[in-house]
Structure formats: structure tokens, C-alpha cells
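Novice: Here it is, the structure in full.
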Amino acid sequence: SYLPSTLFQTFSSRDTKLFDAYNRCDLDTLGAMVADNLEFDHDKTGLSVGKAIFIEAIQKNICGKVRRTLVRGTLEVYPLNGYGAVEIGVHRFTHPGLDDELGEAKFITIWQNKDGVWKVTRAISYDHAPVKK
């Protein structure tokens, strides 16, 4: 079991690693961090199931086009007994090379600890809206 501050630090660094891979289009690292049966819910595009579909969508829609940053001070992490942890926060999406903000959304990421390996099993991104200047 983790002390809450240790849990927070662990998932703050996992979130950073996951989205560094997302932002750099490092599909091998990203793929290693998500479960084969990943469920990804998005308020605009709906539900997609499976790692392959997720990675293909990242490659097609995100690589070189969108950058994700975590909004400072929004990350919350809670243990899920016997399963893993849930991470909640707000993230912002921008176009690399452009100063115009794309928007912001809330997210919930569920991580499973299976045999000592942490992977994302479910990700929900919702309430996408333009950032108010």
C-alpha cells in the first residue's frame, strides 16, 4: 500500500511519462503503458476499445498536430483497492508552434496494477471546451 503523497508522486510521474510519449509520438512507449483491452471514452468521438485502435487514432490525429499539458494544480490520485488507482485532472491541448489554445478537458484515467506492472485500462476525456482567454 502507498502513503497518499507517495501515490500522488508515483502517478504524477506516470502521467508525465504517458503524455511525454503522446506528445513525442513515441508509440512504443505509449503502447507499453496501456492495456490491450483499453477502453477510451471521449465526449466528442465516443467509445473506442482496444490498444491497436487507440494507437492508430493517436498516430492519425495527434502526432505532430496536438500537444497535451496537465493544468497545474488539478491532478488528484486515489487508490482503488485490489485493482490500482484512479487519476483525475484537467488537461489542455495546443497546436505545436502556435500560441492559440485549442482547448481544455477533464480526464479520468484508471490504472491497473497487474503483477507489479501498471497499465491504463480505461481513460475518459470529457467536457472539452475552448480555453477562455
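By convention in this document, the chains of the C-alpha cells carry letters A, B, ... by their order, each chain's residues are numbered from 1, and ligands are numbered from 1 in the order they are shown.
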So which residues touch stretch 39-56 of chain A within 7 Å, counting only C-alpha atoms, skipping near sequence neighbours fewer than 6 positions away, as a compact mmCIF listing (two decimals) with N, CA, C and O atoms, in the first residue's frame?
Specialist:
```txt
# COMPACT_ATOMS: atom_id res chain seq x y z
N LEU A 27 5.11 5.86 -29.97
CA LEU A 27 4.01 4.91 -29.90
C LEU A 27 4.40 3.61 -29.19
O LEU A 27 3.53 2.95 -28.63
N GLY A 31 2.21 2.54 -26.17
CA GLY A 31 1.59 1.23 -26.27
C GLY A 31 1.91 0.32 -25.09
O GLY A 31 1.07 -0.46 -24.65
N THR A 121 -6.19 1.06 -18.11
CA THR A 121 -7.24 0.18 -18.61
C THR A 121 -8.45 0.96 -19.10
O THR A 121 -9.21 0.48 -19.93
N ARG A 122 -8.62 2.17 -18.59
CA ARG A 122 -9.75 2.99 -19.02
C ARG A 122 -9.35 4.45 -18.94
O ARG A 122 -8.75 4.89 -17.96
N ALA A 123 -9.68 5.19 -19.97
CA ALA A 123 -9.42 6.63 -19.99
C ALA A 123 -10.70 7.32 -20.46
O ALA A 123 -11.32 6.89 -21.42
N ILE A 124 -11.07 8.35 -19.75
CA ILE A 124 -12.25 9.13 -20.09
C ILE A 124 -11.81 10.58 -20.20
O ILE A 124 -11.19 11.12 -19.29
N SER A 125 -12.10 11.20 -21.34
CA SER A 125 -11.78 12.61 -21.56
C SER A 125 -13.08 13.29 -21.94
O SER A 125 -13.74 12.89 -22.89
N TYR A 126 -13.47 14.31 -21.16
CA TYR A 126 -14.81 14.87 -21.33
C TYR A 126 -14.83 16.37 -21.00
O TYR A 126 -13.86 16.90 -20.48
N ASP A 127 -15.95 16.99 -21.33
CA ASP A 127 -16.16 18.41 -21.08
C ASP A 127 -15.14 19.25 -21.85
O ASP A 127 -14.63 20.24 -21.35
```
Novice: A:Thr16: which residues within 12 Å, counting only C-alpha atoms, same-chain residues fewer than 3 positions away excluded, as a list in words?
Specialist: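 With the cut-off at 12 Å, the set is Gln9, Thr10, Phe11, Ser12, Ser13, Phe19, Asp20, Ala21, Tyr22, Asn23, Arg24, Leu30, Met33, Arg68, Thr69, Leu70, Val71, Leu75 and His91 of chain A.
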Novice: Could you pull the residues within 12 Å of A:Pro130, counting only C-alpha atoms, minus those fewer than 4 positions along the same chain, as a short mmCIF file (atom, residue, chain, number, x, y, z; two decimals) with N, CA and C atoms, in the first residue's frame?
Specialist:
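Final output, around-v8.cif:
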```
data_model
loop_
_atom_site.label_atom_id
_atom_site.label_comp_id
_atom_site.auth_asym_id
_atom_site.auth_seq_id
_atom_site.Cartn_x
_atom_site.Cartn_y
_atom_site.Cartn_z
N HIS A 91 -6.72 18.70 -18.47
CA HIS A 91 -5.61 18.86 -19.39
C HIS A 91 -5.96 19.83 -20.50
N ARG A 92 -4.91 20.42 -21.06
CA ARG A 92 -5.04 21.44 -22.09
C ARG A 92 -4.35 20.93 -23.36
N PHE A 93 -4.95 21.24 -24.48
CA PHE A 93 -4.42 20.80 -25.78
C PHE A 93 -4.12 22.01 -26.64
N THR A 94 -2.91 22.03 -27.21
CA THR A 94 -2.49 23.13 -28.09
C THR A 94 -1.89 22.55 -29.36
N ASP A 100 -2.14 29.77 -30.15
CA ASP A 100 -3.57 29.67 -29.89
C ASP A 100 -3.89 28.40 -29.12
N GLU A 101 -4.61 28.55 -28.03
CA GLU A 101 -5.04 27.39 -27.26
C GLU A 101 -6.13 26.66 -28.03
N LEU A 102 -6.04 25.35 -28.07
CA LEU A 102 -7.11 24.56 -28.65
C LEU A 102 -8.26 24.43 -27.68
N GLY A 103 -7.93 23.97 -26.48
CA GLY A 103 -8.99 23.79 -25.51
C GLY A 103 -8.53 23.01 -24.31
N GLU A 104 -9.52 22.73 -23.47
CA GLU A 104 -9.27 22.08 -22.21
C GLU A 104 -10.34 21.02 -22.01
N ALA A 105 -9.99 19.98 -21.25
CA ALA A 105 -10.96 18.94 -20.94
C ALA A 105 -10.62 18.35 -19.58
#
```
Novice: Go ahead and compute the interatomic distance for atom CA of A:Val66 and atom CA of A:Asp15, in Å to one decimal.
Specialist: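 The value is 16.7 Å.
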Novice: Can you work out which one of A:Leu38, A:Leu7, A:Leu80, A:Leu98 has the shortest atom-to-atom distance to A:Val120, counting only C-alpha atoms?
Specialist: A:Leu38
Novice: Which residues are near A:Lys114? Cut-off 10 Å, only C-alpha atoms, ignore same chain within fewer than 6 positions. Put them as a PDB file with all heavy atoms, in the first residue's frame.
Specialist:
```
ATOM      1  N   GLY A  82      -7.319  -3.274  -4.379  1.00  0.00           N
ATOM      2  CA  GLY A  82      -7.276  -4.548  -5.085  1.00  0.00           C
ATOM      3  C   GLY A  82      -7.180  -4.418  -6.593  1.00  0.00           C
ATOM      4  O   GLY A  82      -7.187  -5.427  -7.306  1.00  0.00           O
ATOM      5  N   TYR A  83      -7.101  -3.199  -7.106  1.00  0.00           N
ATOM      6  CA  TYR A  83      -7.050  -3.007  -8.562  1.00  0.00           C
ATOM      7  C   TYR A  83      -5.900  -2.102  -8.984  1.00  0.00           C
ATOM      8  O   TYR A  83      -5.088  -2.468  -9.811  1.00  0.00           O
ATOM      9  CB  TYR A  83      -8.379  -2.418  -9.068  1.00  0.00           C
ATOM     10  CG  TYR A  83      -8.460  -2.399 -10.588  1.00  0.00           C
ATOM     11  CD1 TYR A  83      -8.845  -3.529 -11.283  1.00  0.00           C
ATOM     12  CD2 TYR A  83      -8.117  -1.256 -11.300  1.00  0.00           C
ATOM     13  CE1 TYR A  83      -8.887  -3.527 -12.666  1.00  0.00           C
ATOM     14  CE2 TYR A  83      -8.160  -1.250 -12.680  1.00  0.00           C
ATOM     15  CZ  TYR A  83      -8.552  -2.380 -13.359  1.00  0.00           C
ATOM     16  OH  TYR A  83      -8.589  -2.378 -14.740  1.00  0.00           O
ATOM     17  N   GLY A  84      -5.866  -0.908  -8.430  1.00  0.00           N
ATOM     18  CA  GLY A  84      -4.837   0.042  -8.848  1.00  0.00           C
ATOM     19  C   GLY A  84      -5.122   1.428  -8.320  1.00  0.00           C
ATOM     20  O   GLY A  84      -5.233   1.624  -7.116  1.00  0.00           O
TER      21      GLY A  84
END
```
